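Colleague: Just one file: target_28.txt, with compact mmCIF, C-alpha atoms.
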```txt
# COMPACT_ATOMS: atom_id res chain seq x y z
CA MET A 1 -0.67 10.41 -14.14
CA GLU A 2 1.18 9.47 -10.95
CA ARG A 3 -0.74 6.68 -9.29
CA ILE A 4 -3.26 3.96 -10.27
CA GLY A 5 -5.28 2.13 -7.63
CA PHE A 6 -6.43 -1.47 -7.96
CA LEU A 7 -9.55 -2.24 -5.93
CA VAL A 8 -9.48 -5.42 -3.83
CA PHE A 9 -12.48 -7.06 -2.17
CA GLU A 10 -13.27 -10.46 -0.70
CA GLY A 11 -13.96 -12.88 -3.56
CA VAL A 12 -12.33 -10.77 -6.29
CA GLU A 13 -11.54 -12.84 -9.40
CA GLU A 14 -7.78 -13.32 -9.48
CA LEU A 15 -6.96 -12.65 -13.15
CA ASP A 16 -9.39 -9.70 -13.36
CA LEU A 17 -7.00 -7.89 -11.03
CA VAL A 18 -3.60 -9.40 -11.80
CA GLY A 19 -3.82 -9.21 -15.61
CA PRO A 20 -4.14 -5.40 -15.71
CA TRP A 21 -1.83 -5.14 -12.66
CA GLU A 22 0.99 -6.87 -14.57
CA MET A 23 0.52 -4.59 -17.58
CA ALA A 24 0.37 -1.40 -15.49
CA THR A 25 3.34 -2.33 -13.29
CA MET A 26 5.38 -3.14 -16.42
CA TRP A 27 4.39 0.32 -17.69
CA HIS A 28 5.80 1.72 -14.43
CA THR A 29 8.97 -0.40 -14.57
CA TYR A 30 9.91 -0.12 -18.25
CA ALA A 31 8.19 3.01 -19.58
CA ASP A 32 8.02 5.46 -16.66
CA GLY A 33 4.31 4.81 -16.12
CA PRO A 34 2.40 5.56 -12.90
CA HIS A 35 2.96 3.80 -9.59
CA CYS A 36 0.43 1.04 -8.83
CA VAL A 37 -1.17 0.37 -5.45
CA THR A 38 -3.84 -1.94 -4.07
CA VAL A 39 -6.70 -0.59 -1.96
CA ALA A 40 -9.62 -2.21 -0.11
CA GLU A 41 -12.18 -1.33 2.53
CA ARG A 42 -9.70 -2.81 5.00
CA SER A 43 -6.03 -3.35 4.24
CA GLY A 44 -4.39 -6.76 4.56
CA PRO A 45 -5.18 -10.24 3.21
CA HIS A 46 -8.29 -11.07 1.15
CA ALA A 47 -9.46 -14.46 -0.11
CA CYS A 48 -10.00 -14.32 -3.87
CA ALA A 49 -12.68 -16.13 -5.88
CA LYS A 50 -10.53 -19.14 -6.67
CA GLY A 51 -8.73 -19.44 -3.33
CA LEU A 52 -5.63 -17.28 -3.74
CA THR A 53 -4.95 -14.90 -0.84
CA LEU A 54 -3.69 -11.44 -1.74
CA SER A 55 -3.18 -8.37 0.37
CA ALA A 56 -4.39 -4.80 -0.07
CA GLU A 57 -1.77 -2.20 0.79
CA TYR A 58 -4.15 0.64 1.73
CA ASP A 59 -7.63 0.99 3.15
CA PHE A 60 -10.06 3.67 1.94
CA THR A 61 -8.99 6.13 4.64
CA THR A 62 -5.20 5.77 4.21
CA CYS A 63 -5.12 5.51 0.42
CA PRO A 64 -3.20 8.36 -1.23
CA GLN A 65 -4.82 10.34 -4.06
CA LEU A 66 -5.42 8.11 -7.09
CA ASP A 67 -5.26 9.42 -10.66
CA ALA A 68 -7.09 6.34 -11.96
CA LEU A 69 -8.86 3.34 -10.43
CA LEU A 70 -9.27 -0.21 -11.77
CA ILE A 71 -12.23 -2.25 -10.53
CA PRO A 72 -11.99 -6.02 -11.06
CA GLY A 73 -14.98 -8.36 -11.01
CA GLY A 74 -16.01 -11.84 -10.01
CA PHE A 75 -19.35 -13.06 -8.65
CA ALA A 76 -18.55 -11.09 -5.48
CA ALA A 77 -18.99 -7.86 -7.44
CA PHE A 78 -22.75 -8.49 -7.23
CA ASP A 79 -22.39 -8.27 -3.43
CA GLU A 80 -20.05 -5.29 -3.48
CA MET A 81 -22.45 -3.22 -5.61
CA ALA A 82 -24.57 -3.06 -2.43
CA ASN A 83 -21.59 -2.07 -0.24
CA GLU A 84 -22.22 1.66 0.30
CA THR A 85 -18.76 2.37 1.69
CA LEU A 86 -17.06 0.79 -1.31
CA VAL A 87 -19.43 2.39 -3.82
CA ARG A 88 -18.88 5.82 -2.24
CA PHE A 89 -15.09 5.33 -2.49
CA VAL A 90 -15.41 4.44 -6.19
CA ALA A 91 -17.62 7.46 -6.88
CA GLY A 92 -15.10 9.69 -5.12
CA CYS A 93 -12.24 8.34 -7.24
CA ALA A 94 -14.20 9.28 -10.36
CA SER A 95 -14.56 12.97 -9.46
CA ASP A 96 -12.93 15.52 -11.78
CA ASP A 97 -13.44 12.98 -14.59
CA ARG A 98 -10.47 10.90 -13.45
CA PRO A 99 -10.37 7.59 -15.38
CA VAL A 100 -12.11 4.58 -13.89
CA LEU A 101 -11.65 1.15 -15.49
CA SER A 102 -13.63 -2.02 -14.88
CA VAL A 103 -13.01 -5.65 -15.79
CA CYS A 104 -15.75 -8.27 -16.13
CA THR A 105 -18.58 -7.76 -13.60
CA GLY A 106 -16.68 -4.81 -12.09
CA SER A 107 -18.95 -2.77 -14.40
CA PHE A 108 -21.84 -3.45 -11.97
CA ILE A 109 -19.90 -1.55 -9.31
CA LEU A 110 -19.43 1.30 -11.80
CA HIS A 111 -23.16 1.27 -12.35
CA ALA A 112 -23.92 1.28 -8.61
CA ALA A 113 -21.66 4.34 -8.29
CA GLY A 114 -23.73 6.14 -10.95
CA LEU A 115 -20.85 6.20 -13.41
CA LEU A 116 -22.65 4.52 -16.32
CA GLU A 117 -25.46 7.09 -16.65
CA GLY A 118 -25.70 7.82 -20.37
CA ARG A 119 -22.51 5.89 -21.07
CA GLN A 120 -21.62 2.77 -23.02
CA ALA A 121 -19.95 -0.11 -21.20
CA THR A 122 -19.42 -3.87 -21.31
CA THR A 123 -19.01 -6.87 -18.98
CA HIS A 124 -18.52 -10.67 -18.96
CA TRP A 125 -20.64 -12.32 -21.69
CA LYS A 126 -22.63 -14.14 -18.98
CA ALA A 127 -23.71 -10.80 -17.48
CA ILE A 128 -24.53 -8.76 -20.60
CA GLY A 129 -28.28 -9.35 -20.25
CA ARG A 130 -28.26 -8.40 -16.58
CA LEU A 131 -26.34 -5.17 -17.26
CA ARG A 132 -28.77 -4.28 -20.07
CA ASP A 133 -31.71 -5.02 -17.74
CA ALA A 134 -30.16 -2.53 -15.31
CA GLY A 135 -30.55 0.13 -18.01
CA VAL A 136 -26.97 0.33 -19.26
CA GLU A 137 -26.15 0.65 -22.95
CA VAL A 138 -23.96 -2.42 -23.41
CA VAL A 139 -21.60 -2.54 -26.38
CA GLU A 140 -20.49 -6.05 -27.31
CA GLU A 141 -16.80 -5.28 -27.77
CA ARG A 142 -13.81 -6.73 -25.93
CA TYR A 143 -13.33 -3.32 -24.31
CA VAL A 144 -15.11 0.01 -24.52
CA ARG A 145 -14.10 3.55 -23.69
CA ASP A 146 -16.73 6.21 -23.12
CA GLY A 147 -15.10 9.41 -21.88
CA PRO A 148 -13.37 8.70 -18.55
CA ILE A 149 -15.05 5.29 -18.18
CA TRP A 150 -13.26 2.23 -19.59
CA SER A 151 -14.73 -1.26 -19.29
CA SER A 152 -13.84 -4.70 -20.57
CA ALA A 153 -15.40 -8.09 -21.17
CA GLY A 154 -14.72 -11.02 -18.83
CA VAL A 155 -11.65 -11.95 -16.77
CA SER A 156 -8.77 -12.10 -19.29
CA ALA A 157 -10.11 -9.09 -21.25
CA GLY A 158 -8.70 -6.79 -18.58
CA ILE A 159 -5.24 -7.39 -20.07
CA ASP A 160 -6.39 -6.07 -23.45
CA LEU A 161 -8.16 -3.14 -21.78
CA MET A 162 -5.08 -2.03 -19.83
CA LEU A 163 -2.83 -2.22 -22.90
CA HIS A 164 -5.37 -0.10 -24.80
CA PHE A 165 -5.51 2.37 -21.89
CA ILE A 166 -1.71 2.68 -21.88
CA ALA A 167 -1.68 3.23 -25.65
CA GLU A 168 -4.33 5.96 -25.39
CA VAL A 169 -2.82 7.72 -22.38
CA ASP A 170 0.88 7.35 -23.17
CA GLY A 171 1.05 6.39 -26.85
CA PRO A 172 1.37 3.09 -28.71
CA GLU A 173 5.11 2.73 -28.14
CA ALA A 174 4.59 2.67 -24.34
CA ALA A 175 1.98 -0.07 -24.84
CA ALA A 176 4.44 -1.86 -27.14
CA ILE A 177 7.15 -1.86 -24.46
CA VAL A 178 4.69 -3.37 -21.97
CA GLN A 179 3.41 -5.94 -24.46
CA HIS A 180 6.99 -6.89 -25.31
CA ASN A 181 8.17 -7.33 -21.73
CA ALA A 182 5.04 -9.29 -20.80
CA GLU A 183 5.50 -11.28 -24.05
CA TYR A 184 1.79 -10.76 -24.68
CA TYR A 185 1.62 -12.13 -28.21
CA PRO A 186 -1.08 -14.74 -27.61
CA GLN A 187 -1.53 -17.57 -30.08
CA ALA A 188 -5.26 -17.25 -29.61
CA ASN A 189 -6.02 -20.91 -30.18
CA VAL A 190 -9.72 -21.60 -29.95
CA TYR A 191 -10.51 -24.94 -28.34
CA GLY A 192 -13.63 -27.05 -28.76
CA THR A 193 -17.07 -25.68 -29.51
CA GLN A 194 -18.10 -23.50 -26.54
CA HIS A 195 -17.52 -20.30 -28.51
CA LEU A 196 -20.21 -21.35 -30.99
CA ALA A 197 -22.97 -21.14 -28.35
CA ASP A 198 -25.79 -18.62 -28.72
CA GLY A 199 -25.53 -15.32 -26.88
CA MET A 200 -21.87 -14.66 -27.49
CA PRO A 201 -20.87 -10.97 -27.71
CA ALA A 202 -20.60 -9.51 -31.19
CA TYR A 203 -16.81 -9.11 -31.05
CA MET A 204 -16.53 -12.90 -31.11
CA ASN A 205 -18.34 -13.32 -34.41
CA SER A 206 -15.11 -13.66 -36.31
CA LEU A 207 -14.20 -16.68 -34.15
CA ALA A 208 -17.29 -18.56 -35.24
CA LYS A 209 -15.73 -18.98 -38.65
CA ARG A 210 -12.60 -20.73 -37.34
CA MET B 1 -5.11 -35.96 -11.63
CA GLU B 2 -6.26 -34.73 -8.22
CA ARG B 3 -4.05 -31.83 -7.24
CA ILE B 4 -1.81 -29.23 -8.96
CA GLY B 5 0.70 -27.19 -6.97
CA PHE B 6 1.71 -23.65 -7.85
CA LEU B 7 5.18 -22.74 -6.60
CA VAL B 8 5.53 -19.38 -4.81
CA PHE B 9 8.80 -17.63 -3.97
CA GLU B 10 9.84 -14.12 -3.01
CA GLY B 11 9.91 -11.98 -6.15
CA VAL B 12 7.76 -14.29 -8.28
CA GLU B 13 6.31 -12.50 -11.33
CA GLU B 14 2.60 -11.98 -10.65
CA LEU B 15 1.05 -12.95 -14.00
CA ASP B 16 3.39 -15.95 -14.44
CA LEU B 17 1.57 -17.52 -11.52
CA VAL B 18 -1.93 -16.05 -11.69
CA GLY B 19 -2.50 -16.56 -15.44
CA PRO B 20 -2.18 -20.37 -15.26
CA TRP B 21 -3.81 -20.35 -11.79
CA GLU B 22 -6.96 -18.77 -13.20
CA MET B 23 -7.13 -21.31 -16.05
CA ALA B 24 -6.51 -24.30 -13.75
CA THR B 25 -8.97 -23.15 -11.08
CA MET B 26 -11.63 -22.60 -13.76
CA TRP B 27 -10.90 -26.17 -14.90
CA HIS B 28 -11.57 -27.28 -11.31
CA THR B 29 -14.72 -25.13 -10.96
CA TYR B 30 -16.40 -25.73 -14.32
CA ALA B 31 -15.00 -28.99 -15.71
CA ASP B 32 -14.19 -31.16 -12.69
CA GLY B 33 -10.44 -30.51 -12.99
CA PRO B 34 -7.90 -31.00 -10.20
CA HIS B 35 -7.76 -28.94 -7.01
CA CYS B 36 -5.15 -26.16 -7.05
CA VAL B 37 -2.88 -25.21 -4.14
CA THR B 38 0.01 -22.82 -3.56
CA VAL B 39 3.26 -24.01 -1.99
CA ALA B 40 6.48 -22.27 -0.96
CA GLU B 41 9.55 -22.94 1.16
CA ARG B 42 7.64 -21.20 3.96
CA SER B 43 3.88 -20.72 3.94
CA GLY B 44 2.31 -17.27 4.30
CA PRO B 45 2.76 -13.94 2.51
CA HIS B 46 5.36 -13.32 -0.21
CA ALA B 47 6.21 -10.07 -1.97
CA CYS B 48 5.94 -10.53 -5.74
CA ALA B 49 8.13 -8.92 -8.41
CA LYS B 50 5.82 -5.97 -9.00
CA GLY B 51 4.77 -5.36 -5.39
CA LEU B 52 1.68 -7.52 -4.94
CA THR B 53 1.64 -9.64 -1.77
CA LEU B 54 0.27 -13.15 -2.09
CA SER B 55 0.23 -16.03 0.34
CA ALA B 56 1.35 -19.63 -0.02
CA GLU B 57 -1.01 -22.12 1.59
CA TYR B 58 1.55 -24.89 2.24
CA ASP B 59 5.26 -25.15 2.92
CA PHE B 60 7.40 -27.94 1.47
CA THR B 61 6.95 -30.15 4.53
CA THR B 62 3.15 -29.81 4.88
CA CYS B 63 2.26 -29.88 1.17
CA PRO B 64 0.07 -32.85 0.23
CA GLN B 65 1.08 -35.06 -2.70
CA LEU B 66 1.00 -33.11 -5.97
CA ASP B 67 0.11 -34.71 -9.29
CA ALA B 68 1.60 -31.78 -11.21
CA LEU B 69 3.63 -28.67 -10.36
CA LEU B 70 3.69 -25.26 -12.05
CA ILE B 71 6.84 -23.15 -11.65
CA PRO B 72 6.46 -19.43 -12.44
CA GLY B 73 9.38 -17.13 -13.22
CA GLY B 74 10.58 -13.58 -12.77
CA PHE B 75 14.10 -12.28 -12.25
CA ALA B 76 13.99 -13.96 -8.83
CA ALA B 77 14.05 -17.36 -10.55
CA PHE B 78 17.76 -16.75 -11.19
CA ASP B 79 18.22 -16.63 -7.39
CA GLU B 80 15.93 -19.58 -6.69
CA MET B 81 17.85 -21.84 -9.09
CA ALA B 82 20.59 -21.75 -6.42
CA ASN B 83 18.16 -22.53 -3.59
CA GLU B 84 18.94 -26.20 -2.88
CA THR B 85 15.85 -26.75 -0.73
CA LEU B 86 13.52 -25.43 -3.43
CA VAL B 87 15.32 -27.25 -6.24
CA ARG B 88 15.16 -30.53 -4.28
CA PHE B 89 11.40 -30.03 -3.77
CA VAL B 90 10.92 -29.48 -7.52
CA ALA B 91 12.97 -32.56 -8.40
CA GLY B 92 10.89 -34.60 -5.95
CA CYS B 93 7.65 -33.42 -7.53
CA ALA B 94 8.91 -34.64 -10.91
CA SER B 95 9.47 -38.24 -9.79
CA ASP B 96 7.42 -40.96 -11.49
CA ASP B 97 7.30 -38.68 -14.55
CA ARG B 98 4.63 -36.48 -12.99
CA PRO B 99 4.09 -33.35 -15.14
CA VAL B 100 6.08 -30.24 -14.30
CA LEU B 101 5.26 -26.95 -16.07
CA SER B 102 7.30 -23.77 -16.16
CA VAL B 103 6.45 -20.22 -17.22
CA CYS B 104 9.04 -17.66 -18.36
CA THR B 105 12.36 -18.00 -16.44
CA GLY B 106 10.85 -20.76 -14.33
CA SER B 107 12.60 -23.02 -16.87
CA PHE B 108 15.92 -22.17 -15.17
CA ILE B 109 14.60 -23.81 -12.01
CA LEU B 110 13.64 -26.87 -14.09
CA HIS B 111 17.19 -26.91 -15.42
CA ALA B 112 18.71 -26.61 -11.92
CA ALA B 113 16.59 -29.61 -10.88
CA GLY B 114 18.07 -31.65 -13.74
CA LEU B 115 14.74 -31.90 -15.53
CA LEU B 116 15.87 -30.48 -18.89
CA GLU B 117 18.58 -33.09 -19.58
CA GLY B 118 18.03 -34.17 -23.19
CA ARG B 119 14.76 -32.26 -23.37
CA GLN B 120 13.43 -29.32 -25.35
CA ALA B 121 12.17 -26.26 -23.48
CA THR B 122 11.59 -22.53 -23.79
CA THR B 123 11.66 -19.34 -21.72
CA HIS B 124 11.14 -15.54 -21.92
CA TRP B 125 12.63 -14.16 -25.15
CA LYS B 126 15.12 -12.14 -23.10
CA ALA B 127 16.53 -15.34 -21.57
CA ILE B 128 16.70 -17.65 -24.61
CA GLY B 129 20.42 -17.07 -25.10
CA ARG B 130 21.17 -17.69 -21.45
CA LEU B 131 19.19 -20.95 -21.42
CA ARG B 132 21.00 -22.10 -24.59
CA ASP B 133 24.35 -21.20 -23.00
CA ALA B 134 23.36 -23.44 -20.09
CA GLY B 135 23.21 -26.34 -22.57
CA VAL B 136 19.45 -26.60 -23.02
CA GLU B 137 17.88 -27.24 -26.42
CA VAL B 138 15.60 -24.19 -26.67
CA VAL B 139 12.66 -24.32 -29.07
CA GLU B 140 11.34 -20.89 -30.05
CA GLU B 141 7.66 -21.68 -29.66
CA ARG B 142 5.10 -20.03 -27.36
CA TYR B 143 5.01 -23.30 -25.41
CA VAL B 144 6.74 -26.64 -25.69
CA ARG B 145 5.96 -30.08 -24.35
CA ASP B 146 8.67 -32.71 -24.11
CA GLY B 147 7.35 -35.78 -22.29
CA PRO B 148 6.37 -34.76 -18.76
CA ILE B 149 8.06 -31.35 -19.04
CA TRP B 150 5.97 -28.41 -20.30
CA SER B 151 7.44 -24.92 -20.61
CA SER B 152 6.28 -21.58 -21.97
CA ALA B 153 7.66 -18.26 -23.19
CA GLY B 154 7.46 -15.15 -21.01
CA VAL B 155 4.88 -14.02 -18.44
CA SER B 156 1.52 -14.06 -20.30
CA ALA B 157 2.45 -17.24 -22.23
CA GLY B 158 1.66 -19.29 -19.14
CA ILE B 159 -2.04 -18.78 -19.91
CA ASP B 160 -1.62 -20.40 -23.33
CA LEU B 161 0.49 -23.19 -21.82
CA MET B 162 -2.10 -24.10 -19.17
CA LEU B 163 -4.94 -24.15 -21.71
CA HIS B 164 -2.85 -26.46 -23.90
CA PHE B 165 -2.07 -28.65 -20.89
CA ILE B 166 -5.78 -28.94 -20.05
CA ALA B 167 -6.60 -29.81 -23.67
CA GLU B 168 -3.94 -32.54 -23.74
CA VAL B 169 -4.76 -34.02 -20.33
CA ASP B 170 -8.56 -33.69 -20.36
CA GLY B 171 -9.50 -33.04 -24.00
CA PRO B 172 -10.23 -29.92 -26.04
CA GLU B 173 -13.78 -29.49 -24.71
CA ALA B 174 -12.48 -29.10 -21.14
CA ALA B 175 -10.06 -26.43 -22.41
CA ALA B 176 -12.95 -24.83 -24.29
CA ILE B 177 -15.03 -24.57 -21.11
CA VAL B 178 -12.13 -22.87 -19.33
CA GLN B 179 -11.41 -20.53 -22.25
CA HIS B 180 -15.10 -19.63 -22.41
CA ASN B 181 -15.50 -18.86 -18.70
CA ALA B 182 -12.26 -16.85 -18.63
CA GLU B 183 -13.42 -15.16 -21.87
CA TYR B 184 -9.93 -15.77 -23.21
CA TYR B 185 -10.51 -14.71 -26.80
CA PRO B 186 -7.76 -12.08 -27.02
CA GLN B 187 -7.88 -9.50 -29.77
CA ALA B 188 -4.12 -9.79 -30.06
CA ASN B 189 -3.54 -6.20 -31.09
CA VAL B 190 0.13 -5.54 -31.70
CA TYR B 191 1.20 -2.07 -30.58
CA GLY B 192 4.15 -0.05 -31.83
CA THR B 193 7.37 -1.50 -33.16
CA GLN B 194 9.02 -3.43 -30.31
CA HIS B 195 8.06 -6.78 -31.84
CA LEU B 196 10.16 -5.97 -34.91
CA ALA B 197 13.41 -5.97 -32.89
CA ASP B 198 16.10 -8.55 -33.64
CA GLY B 199 16.29 -11.66 -31.51
CA MET B 200 12.57 -12.35 -31.25
CA PRO B 201 11.60 -16.03 -30.94
CA ALA B 202 10.62 -17.80 -34.15
CA TYR B 203 6.94 -18.14 -33.18
CA MET B 204 6.61 -14.35 -33.51
CA ASN B 205 7.71 -14.24 -37.15
CA SER B 206 4.13 -14.03 -38.36
CA LEU B 207 3.67 -10.83 -36.31
CA ALA B 208 6.44 -9.07 -38.18
CA LYS B 209 4.19 -8.93 -41.23
CA ARG B 210 1.41 -7.03 -39.46
```
Would you mind writing the file out in structure tokens?
Modeller:
Amino acid sequence: MERIGFLVFEGVEELDLVGPWEMATMWHTYADGPHCVTVAERSGPHACAKGLTLSAEYDFTTCPQLDALLIPGGFAAFDEMANETLVRFVAGCASDDRPVLSVCTGSFILHAAGLLEGRQATTHWKAIGRLRDAGVEVVEERYVRDGPIWSSAGVSAGIDLMLHFIAEVDGPEAAAIVQHNAEYYPQANVYGTQHLADGMPAYMNSLAKR
Amino acid sequence: MERIGFLVFEGVEELDLVGPWEMATMWHTYADGPHCVTVAERSGPHACAKGLTLSAEYDFTTCPQLDALLIPGGFAAFDEMANETLVRFVAGCASDDRPVLSVCTGSFILHAAGLLEGRQATTHWKAIGRLRDAGVEVVEERYVRDGPIWSSAGVSAGIDLMLHFIAEVDGPEAAAIVQHNAEYYPQANVYGTQHLADGMPAYMNSLAKR
């Protein structure tokens, strides 16, 4: 695998993109992993969901061949699933069963590109019902792999997904090197009572006992 | 607390900044937390450590009053600790005991600004020895608060630090709302054997048993 693309669009959720980006670029830097690039319908600056401005290096016409694509989410993903140019680009990236990964509501863009037909996937806990209503078999895990399609739960779960992807593609020691350099040994404190609400994904059941 | 600044500089480590940014902007969006802005010596685009380009909204002269400042790290922090203009800005932000937070090697900028005199702090595990050699009392926790100075371990630890900061400043239910919306319930898998190396910070001792 030589090159991973990270999809940028107006209103993308910052951590959805930058969490997996940090893991994948550490893979490149410390464990000879693939080169990482950003790509959008038009190159240049984009305003993210929470006000950060970040730039896409390539547009869809100048982007070099990608061996994998990561699709972040955010509320704007519900707009982008109707963007035919973007959806066509995503579908093209998935040809030859090349891996496509989504974070959070990025899974709705996967679905719009026809990539979730007969496949399991997941999304942000807030959007699980909506993805099920769209006819997708949602699995309530923090991340799910079904063949070449990898998807994660909301926002921060993209970090866990990318580490898992690295471990599967390049072995657990490559993932360990990334985890170590990113010092990703979270304390996993659970604050307050929000996690006890109804409708939480099944993977969180163990938290309810804390 | 009305406004938190996030310091940007050339070569800043992406997740050091965006992890806490996502938590703090979710605090603003979902729990009436402070407004978040980016600030750098010059406004506009900056190349980050791993190749992402992100823009700073304000420069040091146009930045409105900040009630707290977050300082990310990266190898470039070792250059910025010699940047007198930047260090003076940081020291100014800390006046009246306003909170200053650092992630990873951002603690070296805190030290250059004289903010770690007689205080406990931490940094990326790779830099603990260097921070001790500089005369700082390093505590090997994932994050440390000493009065108005809050510091975290490497890269991803800034997420944990900002959640802790929110819980202390605004109560655990505000932190819970942020954690819930960011779906920050990490599985905390530990891959491979890197975490068993010598010289790991004390907070990781419990991992060695896994």
Colleague: Which residues are near Ile149 in chain B? Cut-off 9 Å, all atoms listed in the file, ignore same chain within fewer than 3 positions. Put them as an mmCIF file with C-alpha atoms, in the frame of the given file.
Modeller:
```
data_model
loop_
_atom_site.group_PDB
_atom_site.id
_atom_site.type_symbol
_atom_site.label_atom_id
_atom_site.label_comp_id
_atom_site.auth_asym_id
_atom_site.auth_seq_id
_atom_site.Cartn_x
_atom_site.Cartn_y
_atom_site.Cartn_z
ATOM 1 C CA ALA B 94 8.910 -34.640 -10.910
ATOM 2 C CA ASP B 97 7.300 -38.680 -14.550
ATOM 3 C CA ARG B 98 4.630 -36.480 -12.990
ATOM 4 C CA PRO B 99 4.090 -33.350 -15.140
ATOM 5 C CA VAL B 100 6.080 -30.240 -14.300
ATOM 6 C CA LEU B 101 5.260 -26.950 -16.070
ATOM 7 C CA SER B 102 7.300 -23.770 -16.160
ATOM 8 C CA LEU B 110 13.640 -26.870 -14.090
ATOM 9 C CA LEU B 115 14.740 -31.900 -15.530
ATOM 10 C CA LEU B 116 15.870 -30.480 -18.890
ATOM 11 C CA ARG B 119 14.760 -32.260 -23.370
ATOM 12 C CA GLN B 120 13.430 -29.320 -25.350
ATOM 13 C CA ALA B 121 12.170 -26.260 -23.480
ATOM 14 C CA VAL B 144 6.740 -26.640 -25.690
ATOM 15 C CA ARG B 145 5.960 -30.080 -24.350
ATOM 16 C CA ASP B 146 8.670 -32.710 -24.110
#
```
Colleague: Using all atoms listed in the file, I'd like every residue of chain A that has an atom within 7 Å of chain B; please write them out as number ranges by chain.
Modeller: A: 14-15, 18-19, 22, 25, 50, 53-55, 154-157, 172-173, 175-177, 180, 182-186, 188, 191-195
Colleague: Could you work out how far CA of Arg88 in chain A lies from CA of Thr62 in chain A, giving the answer in Å with one decimal?
Modeller: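 Value for the CA of Thr62 in chain A-CA of Arg88 in chain A distance: 15.1 Å.
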Colleague: Using Å and a single decimal, report how far CA of Ala40 in chain B sits from CA of Glu140 in chain B.
Modeller: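 Those two atoms sit 29.5 Å apart.
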Colleague: CA of Glu10 in chain B and CA of Arg130 in chain B, how far apart in Å?
Modeller: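 Separation of CA of Arg130 in chain B and CA of Glu10 in chain B: 21.9 Å.
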Colleague: May I ask which of the residues A:Ala202, A:Leu70, A:Cys63, A:Ala113 is the closest one to Thr85 in chain A, counting all atoms listed in the file?
Modeller: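 So, comparing all the options, the nearest one is A:Ala113.
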Colleague: At a cut-off of 8 Å from (15.5, -24.7, -26.5) in the coordinates of the file, what residues are picked up using only C-alpha atoms, written as a ChimeraX atom specification?
Modeller: /B:120-122,128,131-132,136-140
